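The structure appears below as structure tokens.
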Amino acid sequence: MASHPDLIVLGAGSGGLATSFRAAEHGARVALVDPAELGGTCVHRGCVPKKALWFAAQWEQAQRLAAAVGFATQPGPLDWARFRTVRARYIDGIEQRYGERLQRANVQRFRQRARFAGPDVVELADGTRLRAPHIVIATGGRPRTLSLPGFDLGMVSDDVFALSTCPRRVAIVGGGYIAVEFAGLLQALGSEVTVLARERLLQGFDDELVQALAVHMHAQGIDVHYNTDVTAARRTDAGILLDDAPAGVVGPFDALLWAVGRVPNTDDLGLAAVGVDTDERGRVRVDARQKTSVEGILAIGDASTDRALTPVAVAAGRHLADRLFGGQPDAQFDGGNIPSVLFSKPPLGTVGMTEAQARRHHGDQVVVYRSRFTPMQWALAGEQGQSLMKLVCVGAEERVVGIHALGPGADEMLQGFAVALKAGLRKRDLDATLAIHPTSAEELVLTR
């Protein structure tokens with residue numbers, strides 16, 4: 001089995017593990033190759049530690065809200081050393097359980113780097129060669145770096161999780177989901193945050209929801225600069241200064257976070273030598289069935305041109321294993337209507353088309369319903385912010401093609417509504433559904 005498995009999976013992140021487990025369930029002999037820890041970016045440098053920080057930010061706000069309504073406890077700062085210990089223990093437990101599952105599934109793990117030595121062969125760092133009729137590239141991605149003067153003065157997203165204290169003044173360069181999420185988290189935990197975005201925040205999200213979130217960010221004291229072009233960073237006695245082509249010098253700051261995108265871990269796999277096609281960003285081009293330009297080589301997750309979300313990689317890998325080894329020749333991941341949540345402050349959930357996308361596709365057939373309201377827990381404590389719920393509907397039947405929610409609880413409530421949208425939800429179905437009162441979720445069945 002060591003040299004001739006049925007399936008080789010390159011990468012032990014969420015997608016690679018899901019593929020390996022499902023293939024092993026179907027009886028395949030699987031070799032899992034990755035020099036690093038089990039769980040990849042999601043578990044160690046992404047979703048899981050980020051969500052832990054987000055919970056810490058929520059608990060900071062909960063302290064303030066509790067004090068505002070009569071609890072004696074006064075807000076206090078986060079004990080970062082204790083928090084890091086608790087978070088590390090949780091993450092270590094996840095990795096341990098993954099290792100135990102791999103052993104039970106008889107998946108053979110190789111903690112080495114690998115390169116393609118042929119279309120059906122990979123060579124490990126120690127010279128061992130593995131051959132299989134199917135090889136899945138699931139090597140994930142990493143933060144993008146720039147060749148700018150002073151880039152090394154800043155952090156990338158991986159480095160945030162190593163912080164032992166909250167920087168007093170922090171600049172975040174970028175306007176995507178990583179920039180927005182960390183802006184909210186660091187501000188809630190005590191930082192003065194400045195965001196420098198190229199053009200706008202959150203390209204690809206619904207414009208109205210993004211504008212509403214920007215209002216919240218401004219109210220929290222986050223300073224957002226638009227139309228920026230940071231060309232250099234330099235350290236002075238006062239702190240880090242940034243050269244912004246349009247605005248001049250910005251700063252000083254105590255810390256700098258570059259949130260300028262991610263790149264796939266494909267550059268050292270030897271793809272060109274075996275003819276695997278990649279795009280201009282280095283992502284492996286795949287079709288709807290995760291096939292690459294080379295027969296027998298497939299790709300999933302952030303290393304591919306699929307949407308870079310953990311659940312996408314997991315679902316694609318499982319369907320792929322079902323097709324290859326589970327006797328399900330039609331098994332295929334459905335990439336339509338993918339739900340996702342931005343763990344901003346407050347969270348923003350979205351599934352389906354934005355209003356702009358719907359109008360481009362359906363023109364005057366689009367009808368939009370929305371509800372703005374102050375969540376009860378905020379109103380009780382005297383907070384003034386508003387949640388926003390939005391339905392994008394199309395045609396005489398008002399089929400719901402997009403659901404967007406901003407506010408407390410949006411991260412949890414959207415999952416069920418995503419199921420309904422996937423099943424062909426119409427506005428009248430929502431109208432006929434009894435509301436659960438008093439909740440924020442009820443606004444999605446009460447919009448007029």
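Residue numbering restarts at 1 for every chain of the structure tokens, chains are lettered A, B, ... in their displayed order, and ligands are numbered from 1 as they appear.
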
Find the residues around segment 141-146 of chain A up to 12 Å (only C-alpha atoms counted), leave out those fewer than 4 positions away in its own chain, and share them as a PyMOL selection string.
chain A and resi 11+13+15+40-42+45-46+137+150-160+173-174+178-179+230-233+257-267+281-284+300-305+308-310

Limited to N, CA and C atoms, could you put the picked residues into a file as a compact mmCIF listing (two decimals), in the first residue's frame?
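This went into result_36.txt:
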```txt
# COMPACT_ATOMS: atom_id res chain seq x y z
N GLY A 11 -2.12 17.46 0.90
CA GLY A 11 -2.67 18.50 1.75
C GLY A 11 -3.60 17.94 2.80
N GLY A 13 -5.43 19.75 5.02
CA GLY A 13 -6.38 20.72 5.52
C GLY A 13 -7.78 20.16 5.48
N GLY A 15 -10.21 20.27 3.28
CA GLY A 15 -10.59 19.58 2.05
C GLY A 15 -9.88 18.25 1.88
N GLY A 40 -4.77 22.11 8.63
CA GLY A 40 -4.39 23.18 7.72
C GLY A 40 -4.74 24.57 8.22
N THR A 41 -4.95 25.47 7.27
CA THR A 41 -5.20 26.87 7.59
C THR A 41 -6.44 27.04 8.45
N CYS A 42 -7.52 26.36 8.10
CA CYS A 42 -8.79 26.56 8.81
C CYS A 42 -8.64 26.33 10.31
N ARG A 45 -4.73 28.57 11.42
CA ARG A 45 -4.42 29.96 11.08
C ARG A 45 -5.59 30.67 10.41
N GLY A 46 -6.80 30.12 10.57
CA GLY A 46 -7.94 30.71 9.87
C GLY A 46 -9.21 30.64 10.68
N ILE A 137 -5.01 17.46 -5.47
CA ILE A 137 -4.26 18.61 -4.95
C ILE A 137 -5.17 19.38 -4.01
N GLY A 150 9.53 48.09 3.29
CA GLY A 150 8.97 48.06 4.62
C GLY A 150 7.86 47.05 4.83
N PHE A 151 7.63 46.18 3.85
CA PHE A 151 6.55 45.19 4.03
C PHE A 151 6.80 44.33 5.26
N ASP A 152 8.07 44.06 5.55
CA ASP A 152 8.40 43.18 6.68
C ASP A 152 8.13 43.83 8.03
N LEU A 153 7.78 45.10 8.05
CA LEU A 153 7.43 45.75 9.31
C LEU A 153 6.03 45.36 9.78
N GLY A 154 5.26 44.78 8.88
CA GLY A 154 3.88 44.44 9.20
C GLY A 154 3.66 42.95 9.39
N MET A 155 2.46 42.62 9.85
CA MET A 155 2.02 41.24 10.01
C MET A 155 1.18 40.85 8.80
N VAL A 156 1.04 39.54 8.59
CA VAL A 156 -0.02 39.00 7.76
C VAL A 156 -1.01 38.31 8.70
N SER A 157 -2.10 37.82 8.15
CA SER A 157 -3.17 37.29 9.01
C SER A 157 -2.68 36.17 9.93
N ASP A 158 -1.76 35.33 9.46
CA ASP A 158 -1.24 34.25 10.31
C ASP A 158 -0.65 34.78 11.61
N ASP A 159 -0.01 35.96 11.52
CA ASP A 159 0.72 36.49 12.66
C ASP A 159 -0.18 37.04 13.75
N VAL A 160 -1.40 37.40 13.41
CA VAL A 160 -2.32 37.98 14.40
C VAL A 160 -2.54 37.01 15.55
N VAL A 173 -4.10 47.24 5.97
CA VAL A 173 -4.08 47.57 4.55
C VAL A 173 -4.86 46.50 3.81
N GLY A 174 -5.98 46.89 3.21
CA GLY A 174 -6.84 45.96 2.49
C GLY A 174 -8.29 46.24 2.81
N ILE A 178 -10.86 39.58 5.25
CA ILE A 178 -9.87 39.45 6.31
C ILE A 178 -9.64 40.80 6.98
N ALA A 179 -9.52 41.85 6.18
CA ALA A 179 -9.32 43.19 6.72
C ALA A 179 -10.49 43.62 7.60
N VAL A 230 -1.07 52.20 -0.83
CA VAL A 230 0.09 52.19 0.06
C VAL A 230 1.30 51.69 -0.71
N THR A 231 2.35 52.50 -0.74
CA THR A 231 3.54 52.17 -1.53
C THR A 231 4.74 51.80 -0.68
N ALA A 232 4.70 52.11 0.62
CA ALA A 232 5.85 51.79 1.47
C ALA A 232 5.44 51.95 2.94
N ALA A 233 6.23 51.31 3.79
CA ALA A 233 6.10 51.47 5.24
C ALA A 233 7.49 51.71 5.81
N LEU A 257 -1.00 45.51 9.75
CA LEU A 257 -1.48 44.23 9.22
C LEU A 257 -1.73 44.37 7.73
N TRP A 258 -1.06 43.54 6.95
CA TRP A 258 -1.29 43.49 5.50
C TRP A 258 -2.37 42.43 5.24
N ALA A 259 -3.52 42.88 4.73
CA ALA A 259 -4.61 41.96 4.39
C ALA A 259 -4.90 42.14 2.90
N VAL A 260 -3.94 41.71 2.08
CA VAL A 260 -3.96 42.02 0.65
C VAL A 260 -4.21 40.77 -0.20
N GLY A 261 -4.95 39.83 0.37
CA GLY A 261 -5.31 38.65 -0.40
C GLY A 261 -4.49 37.43 -0.03
N ARG A 262 -4.79 36.33 -0.73
CA ARG A 262 -4.12 35.06 -0.48
C ARG A 262 -3.67 34.45 -1.81
N VAL A 263 -2.68 33.60 -1.74
CA VAL A 263 -2.16 32.93 -2.93
C VAL A 263 -2.16 31.42 -2.66
N PRO A 264 -2.31 30.61 -3.71
CA PRO A 264 -2.36 29.15 -3.51
C PRO A 264 -0.97 28.56 -3.28
N ASN A 265 -0.94 27.47 -2.52
CA ASN A 265 0.31 26.74 -2.29
C ASN A 265 0.53 25.73 -3.43
N THR A 266 0.84 26.25 -4.59
CA THR A 266 1.02 25.38 -5.76
C THR A 266 2.37 25.57 -6.44
N ASP A 267 3.16 26.55 -5.98
CA ASP A 267 4.34 26.94 -6.73
C ASP A 267 5.47 25.92 -6.68
N ARG A 281 -2.99 33.58 -11.08
CA ARG A 281 -2.70 33.65 -9.65
C ARG A 281 -2.07 32.36 -9.12
N GLY A 282 -1.89 31.38 -10.00
CA GLY A 282 -1.30 30.12 -9.59
C GLY A 282 -2.30 29.09 -9.13
N ARG A 283 -3.59 29.39 -9.20
CA ARG A 283 -4.62 28.43 -8.80
C ARG A 283 -4.80 27.38 -9.90
N VAL A 284 -5.00 26.14 -9.51
CA VAL A 284 -5.18 25.06 -10.48
C VAL A 284 -6.57 25.19 -11.10
N ILE A 300 -8.97 20.63 -5.32
CA ILE A 300 -10.08 21.18 -4.54
C ILE A 300 -9.55 22.30 -3.65
N GLY A 301 -10.47 23.09 -3.12
CA GLY A 301 -10.12 24.07 -2.11
C GLY A 301 -9.38 25.28 -2.64
N ASP A 302 -8.64 25.94 -1.74
CA ASP A 302 -7.99 27.21 -2.08
C ASP A 302 -6.88 27.07 -3.11
N ALA A 303 -6.39 25.86 -3.33
CA ALA A 303 -5.38 25.65 -4.36
C ALA A 303 -5.98 25.65 -5.75
N SER A 304 -7.30 25.60 -5.84
CA SER A 304 -8.00 25.51 -7.12
C SER A 304 -8.76 26.79 -7.41
N THR A 305 -9.43 26.81 -8.56
CA THR A 305 -10.24 27.96 -8.93
C THR A 305 -11.63 27.92 -8.33
N ALA A 308 -12.97 30.05 -2.48
CA ALA A 308 -12.09 29.76 -1.35
C ALA A 308 -12.85 29.83 -0.03
N LEU A 309 -13.59 28.77 0.27
CA LEU A 309 -14.30 28.63 1.54
C LEU A 309 -14.13 27.19 2.02
N THR A 310 -13.92 27.02 3.32
CA THR A 310 -13.72 25.68 3.86
C THR A 310 -14.86 24.72 3.50
```

List every residue of segment 6-40 of chain A that has an atom at most 12 Å from any atom of segment 327-336 of chain A, giving for each one its closest atom pair and the distance in Å to one decimal, counting only C-alpha atoms, sorted by chain and then by ascending residue number, as a Markdown table.
```
| residue | atom | partner | partner_atom | distance |
| --- | --- | --- | --- | --- |
| A:Ala23 | CA | A:Gly327 | CA | 11.2 |
| A:His26 | CA | A:Gly327 | CA | 8.8 |
| A:Gly27 | CA | A:Gly327 | CA | 11.3 |
| A:Ala28 | CA | A:Gly327 | CA | 11.9 |
```

May I have the residues within 9 Å of Gly270 of chain A as a list of chain:residue names, using only C-alpha atoms and disregarding those fewer than 3 positions away in the same chain?
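Within the cut-off, the hits are A:Arg115, A:Phe116, A:Ala117, A:Thr266, A:Asp267, A:Ala273, A:Val274, A:Val276.
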
Atomic distance atom CA of Val9 of chain A - atom CA of Gly326 of chain A, expressed in Å with one decimal:
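Atom-to-atom, atom CA of Val9 of chain A and atom CA of Gly326 of chain A are spaced 16.7 Å apart.
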
Just list the residues in segment 17-63 of chain A DSSP gives alpha helix (DSSP H) on the backbone, as a PyMOL selection string.
chain A and resi 17-25+40-44+47-63

Could you please determine the separation between atom CA of Pro347 of chain A and atom CA of Val401 of chain A in Å, to one decimal place?
20.6 Å

Between A:Val224, A:Leu163, A:Leu124, A:Ala214, which one has atoms that come closest to Arg198 of chain A, using only C-alpha atoms?
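Of A:Val224, A:Leu163, A:Leu124, A:Ala214, the one nearest Arg198 of chain A is A:Val224, counting only C-alpha atoms.
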
Run DSSP on the backbone and grab whatever in segment 275-341 of chain A lands in strand (DSSP E); send it over as a PDB file with C-alpha atoms, in the first residue's frame.
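Dumped to states.pdb:
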```pdb
ATOM      1  CA  ILE A 297      -5.121  14.785 -11.308  1.00  0.00           C
ATOM      2  CA  LEU A 298      -7.846  16.708  -9.483  1.00  0.00           C
ATOM      3  CA  ALA A 299      -7.860  19.790  -7.278  1.00  0.00           C
ATOM      4  CA  SER A 340     -21.173  32.376   3.839  1.00  0.00           C
ATOM      5  CA  VAL A 341     -20.744  34.569   6.892  1.00  0.00           C
TER       6      VAL A 341
END
```

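Residues in contact with Ala162 of chain A at 12 Å, where only C-alpha atoms are counted and same-chain residues fewer than 5 positions away are skipped, are listed as His44, Arg45, Pro49, Lys50, Leu53, Trp80, Ala81, Phe83, Arg84, Thr85, Arg87, Ala88, Met155, Val156 and Ser157 of chain A.
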
Output N, CA and C atoms for every residue in the selection just made, as a compact mmCIF listing (two decimals), in the first residue's frame.
```txt
# COMPACT_ATOMS: atom_id res chain seq x y z
N HIS A 44 -5.72 26.01 12.15
CA HIS A 44 -4.56 26.58 12.84
C HIS A 44 -4.33 28.07 12.58
N ARG A 45 -4.73 28.57 11.42
CA ARG A 45 -4.42 29.96 11.08
C ARG A 45 -5.59 30.67 10.41
N PRO A 49 -9.16 29.74 14.92
CA PRO A 49 -8.63 30.77 15.82
C PRO A 49 -9.28 32.13 15.61
N LYS A 50 -9.69 32.43 14.36
CA LYS A 50 -10.40 33.68 14.10
C LYS A 50 -11.73 33.72 14.82
N LEU A 53 -11.26 34.44 18.45
CA LEU A 53 -11.09 35.88 18.68
C LEU A 53 -12.42 36.61 18.57
N TRP A 80 -4.61 38.03 27.48
CA TRP A 80 -4.19 37.40 26.22
C TRP A 80 -3.45 36.09 26.47
N ALA A 81 -2.65 36.04 27.51
CA ALA A 81 -1.90 34.80 27.78
C ALA A 81 -2.86 33.65 28.08
N PHE A 83 -6.05 33.52 27.25
CA PHE A 83 -6.84 33.27 26.04
C PHE A 83 -6.08 32.39 25.06
N ARG A 84 -4.80 32.69 24.84
CA ARG A 84 -4.00 31.89 23.90
C ARG A 84 -3.86 30.45 24.38
N THR A 85 -3.74 30.27 25.68
CA THR A 85 -3.64 28.91 26.22
C THR A 85 -4.93 28.13 25.99
N ARG A 87 -7.25 28.75 23.75
CA ARG A 87 -7.44 28.53 22.30
C ARG A 87 -6.53 27.41 21.79
N ALA A 88 -5.28 27.41 22.23
CA ALA A 88 -4.35 26.37 21.79
C ALA A 88 -4.81 24.99 22.23
N MET A 155 2.46 42.62 9.85
CA MET A 155 2.02 41.24 10.01
C MET A 155 1.18 40.85 8.80
N VAL A 156 1.04 39.54 8.59
CA VAL A 156 -0.02 39.00 7.76
C VAL A 156 -1.01 38.31 8.70
N SER A 157 -2.10 37.82 8.15
CA SER A 157 -3.17 37.29 9.01
C SER A 157 -2.68 36.17 9.93
```
